[in-house]
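One structure below.
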Amino acid sequence: MYSNLTLSDKRAISLFFFSMLHFAKSSVSLQHNLSLQQMEQKQSLLGMTLAEITESVTELNLPKFTARQIADWVYLKRVKSISEMTNISLKNREVLAGTFDIGRSEPLDVKTSVDGTQKMLFRTASGKFIETVTIPEDDRLTICVSSQVGCRMNCDFCMTGKQGFHDNLTATEILNQVYSVPDSEAITNLVFMGMGEPLDNYKQVKKASELLMADYGLAWSPKRITLSSIGLISNLKRFLDESKCHLAISLHNPIPEQRLAIMPIEKSAPVTSVIEMLRDYDWSHQRRLSFEYIMFDGVNDSLLYARELTKLLAGLDCRINLIRFHVIPMSKLRPSTEENMIRFRDFLTAKGFISTIRASRGEDIFAACGMLSTAKIGEKS
Ligand code: SF4
């Protein structure tokens with residue numbers, strides 16, 4: 001077949017294979033450089049539990065009480081280098097610095113919206129990009145953190161989903177977002193609602209949350225943390241049993257076949273099964289259950305959907321957050337009109353559901369999840 005081709009076809013094919021070979025070679029050398037970097041990387045203290053720090057200081061033959069001092073410097077005094085730990089002797093600080101670093105890294109970029117919302121771009125240890133958003137509202141400052149680089153769930157309306165999955169974040173990288181955003185000390189609440197599906201990286205998400213709640217950490221109440229998920233059933237059950245944090249389920253369409261068209265997870269974890277599981281838990285006290293519903297014009301915003309939603313959630317102690325859609329490139333989906341959103345909310349309210357329309361924030365700074373990092377990837381390529 002190759003012999004039937006013209007000279008210019010053959011040249012084009014040779015060029016193609018040459019560039020593929022070059023690409024493969026540079027990928028291998030990039031991977032090699034990254035693995036060397038990773039091998040040289042020190043272990044980060046941010047993201048370690050007190051028990052893990054104690055074990056490490058014991059291995060380094062440092063006094064056991066140093067572990068508590070380290071945790072105090074890292075989590076409460078928020079130091080950025082081991083040299084700032086002035087109640088630890090200079091010699092012991094040097095020993096520590098031979099093996100550890102703090103694990104803090106500043107955002108590469110900070111964009112501030114006219115409404116005060118800020119979007120930060122961080123680089124991960126393996127050189128990838130993630131986004132973090134802070135949203136001021138009255139006396140609250142909510143941080144929306146990422147749990148993965150990209151996402152494998154491929155929801156049709158989501159820019160992060162379009163990037164595909166690249167990496168799980170470590171507890172260090174999750175906590176660094178909290179500790180390194182501007183106004184970090186003013187944060188009142190945290191939502192796992194940034195890039196990635198948090199239940200797909202459950203171990204690190206759980207560890208980061210526990211460190212925020214630890215008495216040697218920021219001692220947050222679980223009521224300050226909300227995990228938002230599309231409902232990965234096995235890890236959802238673990239989260240419900242092992243954590244007291246709030247839960248938000250991304251629902252977006254009450255009709256299974258139509259939900260499947262925009263959220264492939266519906267096939268393996270139908271929302272009806274998720275809701276059945278949620279009915280086994282008590283939501284009437286401190287722990288809050290909410291459902292996120294992005295409203296798409298002409299897709300899921302008529303009263304027919306509002307009615308189906310009330311049937312699906314009947315008897316559950318929950319609230320429903322109606323979210324305006326931030327348009328993303330290459331998608332036909334458009335946001336609902338204000339009028340449709342209000343009519344939808346009023347219907348839910350009349351049926352006894354606490355339902356709110358989320359104010360649209362930070363549209364002028366690429367506020368839809370995944371937009372800023374996608375732009376950064378585009379710049380690099
Ligand atoms: S909406 Fe969430 S779960 Fe779906 S692709 Fe985006 S980040 Fe992943």
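So you can find residues: chains in the structure tokens are A, B, ... in the order shown, residues in each start at 1, and ligands are numbered from 1 in order.
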
Which residues of chain A sit at most 7 Å from ligand 1, using only C-alpha atoms and all ligand atoms? Give each one's shortest atom pair and distance in Å (one decimal place), in chain and ascending residue order, as JSON lines.
{"residue": "A:Cys151", "atom": "CA", "partner": "ligand 1", "partner_atom_place_in_ligand_line": "8 (Fe)", "distance": 4.6}
{"residue": "A:Arg152", "atom": "CA", "partner": "ligand 1", "partner_atom_place_in_ligand_line": "8 (Fe)", "distance": 6.3}
{"residue": "A:Met153", "atom": "CA", "partner": "ligand 1", "partner_atom_place_in_ligand_line": "5 (S)", "distance": 4.6}
{"residue": "A:Asn154", "atom": "CA", "partner": "ligand 1", "partner_atom_place_in_ligand_line": "5 (S)", "distance": 4.3}
{"residue": "A:Cys155", "atom": "CA", "partner": "ligand 1", "partner_atom_place_in_ligand_line": "5 (S)", "distance": 4.2}
{"residue": "A:Cys158", "atom": "CA", "partner": "ligand 1", "partner_atom_place_in_ligand_line": "6 (Fe)", "distance": 4.6}
{"residue": "A:Met159", "atom": "CA", "partner": "ligand 1", "partner_atom_place_in_ligand_line": "6 (Fe)", "distance": 6.6}
{"residue": "A:Thr160", "atom": "CA", "partner": "ligand 1", "partner_atom_place_in_ligand_line": "6 (Fe)", "distance": 5.1}
{"residue": "A:Gly161", "atom": "CA", "partner": "ligand 1", "partner_atom_place_in_ligand_line": "5 (S)", "distance": 3.5}
{"residue": "A:Gly194", "atom": "CA", "partner": "ligand 1", "partner_atom_place_in_ligand_line": "7 (S)", "distance": 6.7}
{"residue": "A:Met195", "atom": "CA", "partner": "ligand 1", "partner_atom_place_in_ligand_line": "7 (S)", "distance": 4.8}
{"residue": "A:Gly196", "atom": "CA", "partner": "ligand 1", "partner_atom_place_in_ligand_line": "7 (S)", "distance": 4.0}
{"residue": "A:Glu197", "atom": "CA", "partner": "ligand 1", "partner_atom_place_in_ligand_line": "3 (S)", "distance": 4.6}
{"residue": "A:Ser229", "atom": "CA", "partner": "ligand 1", "partner_atom_place_in_ligand_line": "3 (S)", "distance": 6.7}
{"residue": "A:Ile230", "atom": "CA", "partner": "ligand 1", "partner_atom_place_in_ligand_line": "3 (S)", "distance": 5.7}

Please save C-alpha atoms of the selected residues as a compact mmCIF listing (two decimals), in the first residue's frame.
# COMPACT_ATOMS: atom_id res chain seq x y z
CA CYS A 151 -11.20 14.60 36.01
CA ARG A 152 -12.20 11.22 34.57
CA MET A 153 -15.97 11.73 34.99
CA ASN A 154 -16.40 13.57 31.69
CA CYS A 155 -19.52 15.58 32.51
CA CYS A 158 -17.56 20.88 32.57
CA MET A 159 -14.28 22.24 31.29
CA THR A 160 -12.27 20.14 33.76
CA GLY A 161 -14.00 17.01 32.46
CA GLY A 194 -13.02 22.68 42.29
CA MET A 195 -11.32 20.49 39.71
CA GLY A 196 -11.85 16.75 40.07
CA GLU A 197 -14.28 14.40 41.76
CA SER A 229 -19.74 14.80 44.50
CA ILE A 230 -21.54 13.35 41.53

Give me, as a PyMOL selection string, all polymer residues having an atom no more than 6 Å from stretch 40-56 of chain A, counting only C-alpha atoms and skipping those fewer than 6 positions away in the same chain.
chain A and resi 67+99-103+171-172

Write out as a ChimeraX atom specification all residues of stretch 177-381 of chain A that DSSP puts in alpha helix (DSSP H) for this structure's backbone.
/A:177-180,202-213,233-242,256-262,265-268,271-278,303-312,338-350,371-380

Run DSSP on the backbone of this structure and report the residues of stretch 137-213 of chain A it assigns to strand (DSSP E), as a list in words.
Glu137, Arg140, Leu141, Thr142, Ile143, Cys144, Gln148, Val149, Gly150, Phe165, His166, Asp167, Asn168, Asn189, Leu190, Val191 and Phe192 of chain A

Can I get the selected residues back with C-alpha atoms, as a PDB file, in the first residue's frame?
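Final output, out.pdb:
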ATOM      1  CA  GLU A 137     -19.846  36.927  50.919  1.00  0.00           C
ATOM      2  CA  ARG A 140     -17.757  34.605  55.093  1.00  0.00           C
ATOM      3  CA  LEU A 141     -14.878  33.693  52.837  1.00  0.00           C
ATOM      4  CA  THR A 142     -15.403  30.349  51.144  1.00  0.00           C
ATOM      5  CA  ILE A 143     -12.566  28.545  49.433  1.00  0.00           C
ATOM      6  CA  CYS A 144     -13.335  26.129  46.604  1.00  0.00           C
ATOM      7  CA  GLN A 148      -7.518  16.239  41.187  1.00  0.00           C
ATOM      8  CA  VAL A 149      -5.727  17.493  38.082  1.00  0.00           C
ATOM      9  CA  GLY A 150      -8.440  17.125  35.453  1.00  0.00           C
ATOM     10  CA  PHE A 165      -7.800  12.818  34.134  1.00  0.00           C
ATOM     11  CA  HIS A 166      -4.139  13.602  34.828  1.00  0.00           C
ATOM     12  CA  ASP A 167      -3.395  13.144  38.518  1.00  0.00           C
ATOM     13  CA  ASN A 168      -4.684  12.864  42.047  1.00  0.00           C
ATOM     14  CA  ASN A 189     -15.575  27.587  54.871  1.00  0.00           C
ATOM     15  CA  LEU A 190     -14.230  25.080  52.409  1.00  0.00           C
ATOM     16  CA  VAL A 191     -15.945  23.276  49.582  1.00  0.00           C
ATOM     17  CA  PHE A 192     -14.459  20.418  47.570  1.00  0.00           C
TER      18      PHE A 192
END

For stretch 151-268 of chain A against stretch 272-291 of chain A, with a cut-off of 6 Å and counting only C-alpha atoms, what is the closest atom pair and its distance in Å to one decimal for every residue that makes the cut, ordered by chain and number, as a Markdown table?
| residue | atom | partner | partner_atom | distance |
| --- | --- | --- | --- | --- |
| A:His246 | CA | A:Arg288 | CA | 4.9 |
| A:Leu247 | CA | A:Leu289 | CA | 5.1 |
| A:Ala248 | CA | A:Ser290 | CA | 4.6 |
| A:Ile249 | CA | A:Phe291 | CA | 4.8 |
| A:Ser250 | CA | A:Phe291 | CA | 5.9 |

Tell me which protein, DNA and RNA residues are within 10 Å of A:Thr66, counting only C-alpha atoms, leaving out same-chain ones fewer than 5 positions away, and put them as a PyMOL selection string.
chain A and resi 53-54+57-58+71-72+87-89+92

Keeping N, CA and C atoms for every residue in the selection just given, could you write it to a file as a PDB file, in the first residue's frame?
ATOM      1  N   ILE A  53       4.449  12.742  61.779  1.00  0.00           N
ATOM      2  CA  ILE A  53       5.593  13.607  62.105  1.00  0.00           C
ATOM      3  C   ILE A  53       6.366  12.992  63.276  1.00  0.00           C
ATOM      4  N   THR A  54       5.639  12.460  64.255  1.00  0.00           N
ATOM      5  CA  THR A  54       6.289  11.839  65.423  1.00  0.00           C
ATOM      6  C   THR A  54       7.166  10.670  64.968  1.00  0.00           C
ATOM      7  N   VAL A  57      10.321  12.148  63.292  1.00  0.00           N
ATOM      8  CA  VAL A  57      11.342  12.747  64.172  1.00  0.00           C
ATOM      9  C   VAL A  57      12.053  11.650  64.977  1.00  0.00           C
ATOM     10  N   THR A  58      11.330  10.592  65.310  1.00  0.00           N
ATOM     11  CA  THR A  58      11.947   9.473  66.029  1.00  0.00           C
ATOM     12  C   THR A  58      13.021   8.827  65.150  1.00  0.00           C
ATOM     13  N   ALA A  71       4.327  20.543  64.203  1.00  0.00           N
ATOM     14  CA  ALA A  71       2.915  20.663  63.789  1.00  0.00           C
ATOM     15  C   ALA A  71       2.401  22.074  64.076  1.00  0.00           C
ATOM     16  N   ASP A  72       2.814  22.607  65.211  1.00  0.00           N
ATOM     17  CA  ASP A  72       2.396  23.949  65.601  1.00  0.00           C
ATOM     18  C   ASP A  72       2.917  25.011  64.604  1.00  0.00           C
ATOM     19  N   ASN A  87      11.982  27.741  67.999  1.00  0.00           N
ATOM     20  CA  ASN A  87      12.117  27.048  69.294  1.00  0.00           C
ATOM     21  C   ASN A  87      12.717  25.642  69.122  1.00  0.00           C
ATOM     22  N   ILE A  88      13.132  25.331  67.901  1.00  0.00           N
ATOM     23  CA  ILE A  88      13.852  24.066  67.657  1.00  0.00           C
ATOM     24  C   ILE A  88      15.326  24.462  67.417  1.00  0.00           C
ATOM     25  N   SER A  89      16.257  23.717  68.018  1.00  0.00           N
ATOM     26  CA  SER A  89      17.672  24.134  67.916  1.00  0.00           C
ATOM     27  C   SER A  89      18.115  24.190  66.456  1.00  0.00           C
ATOM     28  N   ASN A  92      19.061  20.833  65.052  1.00  0.00           N
ATOM     29  CA  ASN A  92      17.908  19.972  64.727  1.00  0.00           C
ATOM     30  C   ASN A  92      17.123  20.483  63.514  1.00  0.00           C
TER      31      ASN A  92
END

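The space between atom CA of A:Ile320 and atom CA of A:Thr349 spans 9.6 Å.
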
Given only C-alpha atoms as the counted atoms, nearest of A:Lys203, A:Leu322, A:Thr188, A:Leu218 to A:His252:
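Among the listed residues, A:Leu322 lies closest to A:His252.
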
Residue with the minimum atom-to-atom distance to A:Pro182, picked from A:Val110, A:Leu227, A:Leu251, A:Val145 with only C-alpha atoms counted, is A:Val110

Determine, counting only C-alpha atoms, which protein, DNA and RNA residues have an atom within 12 Å of an atom of A:Arg343; residues of the same chain fewer than 4 positions away are not included. Present the result as a CSV table (one decimal) with N, CA and C atoms, in the first residue's frame.
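Okay, part_33.csv is ready:
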chain,number,residue,atom,x,y,z
A,295,MET,N,-28.7,25.0,35.9
A,295,MET,CA,-29.8,25.2,35.0
A,295,MET,C,-29.4,25.5,33.6
A,301,ASP,N,-34.8,23.1,32.6
A,301,ASP,CA,-35.3,24.2,33.4
A,301,ASP,C,-36.8,24.5,33.4
A,302,SER,N,-37.6,23.5,32.8
A,302,SER,CA,-39.0,23.7,32.8
A,302,SER,C,-39.6,23.1,34.1
A,303,LEU,N,-40.9,23.4,34.4
A,303,LEU,CA,-41.5,23.0,35.6
A,303,LEU,C,-41.7,21.5,35.6
A,304,LEU,N,-41.7,20.8,34.4
A,304,LEU,CA,-41.7,19.4,34.4
A,304,LEU,C,-40.5,18.8,35.2
A,305,TYR,N,-39.3,19.4,35.0
A,305,TYR,CA,-38.2,18.9,35.7
A,305,TYR,C,-38.3,19.3,37.2
A,306,ALA,N,-38.8,20.4,37.5
A,306,ALA,CA,-39.0,20.8,38.9
A,306,ALA,C,-39.9,19.8,39.6
A,307,ARG,N,-40.9,19.4,38.9
A,307,ARG,CA,-41.9,18.4,39.5
A,307,ARG,C,-41.2,17.0,39.7
A,322,LEU,N,-29.8,26.1,43.1
A,322,LEU,CA,-30.0,26.3,41.6
A,322,LEU,C,-28.8,27.1,41.2
A,336,SER,N,-29.9,29.1,31.8
A,336,SER,CA,-31.3,29.5,31.8
A,336,SER,C,-31.5,31.0,32.0
A,337,THR,N,-32.7,31.4,31.7
A,337,THR,CA,-33.0,32.8,31.9
A,337,THR,C,-33.3,33.0,33.4
A,338,GLU,N,-33.1,34.2,33.8
A,338,GLU,CA,-33.4,34.6,35.2
A,338,GLU,C,-34.9,34.2,35.6
A,339,GLU,N,-35.8,34.5,34.6
A,339,GLU,CA,-37.2,34.3,34.8
A,339,GLU,C,-37.5,32.8,35.0
A,347,PHE,N,-41.4,27.1,42.5
A,347,PHE,CA,-42.1,25.8,42.5
A,347,PHE,C,-41.6,24.9,43.6
A,348,LEU,N,-40.3,24.9,43.7
A,348,LEU,CA,-39.7,24.0,44.7
A,348,LEU,C,-40.0,24.5,46.1
A,349,THR,N,-40.0,25.8,46.3
A,349,THR,CA,-40.3,26.4,47.6
A,349,THR,C,-41.7,26.1,48.0
A,350,ALA,N,-42.6,26.2,47.0
A,350,ALA,CA,-44.1,25.9,47.3
A,350,ALA,C,-44.3,24.5,47.7
A,355,SER,N,-34.9,26.2,48.8
A,355,SER,CA,-34.2,26.3,47.5
A,355,SER,C,-33.7,27.7,47.2
A,356,THR,N,-32.4,27.8,46.8
A,356,THR,CA,-31.9,29.1,46.5
A,356,THR,C,-31.2,29.2,45.2
A,357,ILE,N,-31.2,30.4,44.6
A,357,ILE,CA,-30.5,30.6,43.3
A,357,ILE,C,-29.2,31.1,43.7

Would you please work out which residue, of A:Asn340, A:Gln69, A:Asn235, A:Ser243, is nearest to A:Pro222 when using only C-alpha atoms?
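For A:Pro222, the nearest of the candidates is A:Ser243.
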
Could you tell me how far atom CA of A:Arg123 lies from atom CA of A:Gly362, in Å and to one decimal?
21.4 Å

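Take atom CA of A:Leu211 and atom CA of A:Thr117: the distance between them is 25.6 Å.
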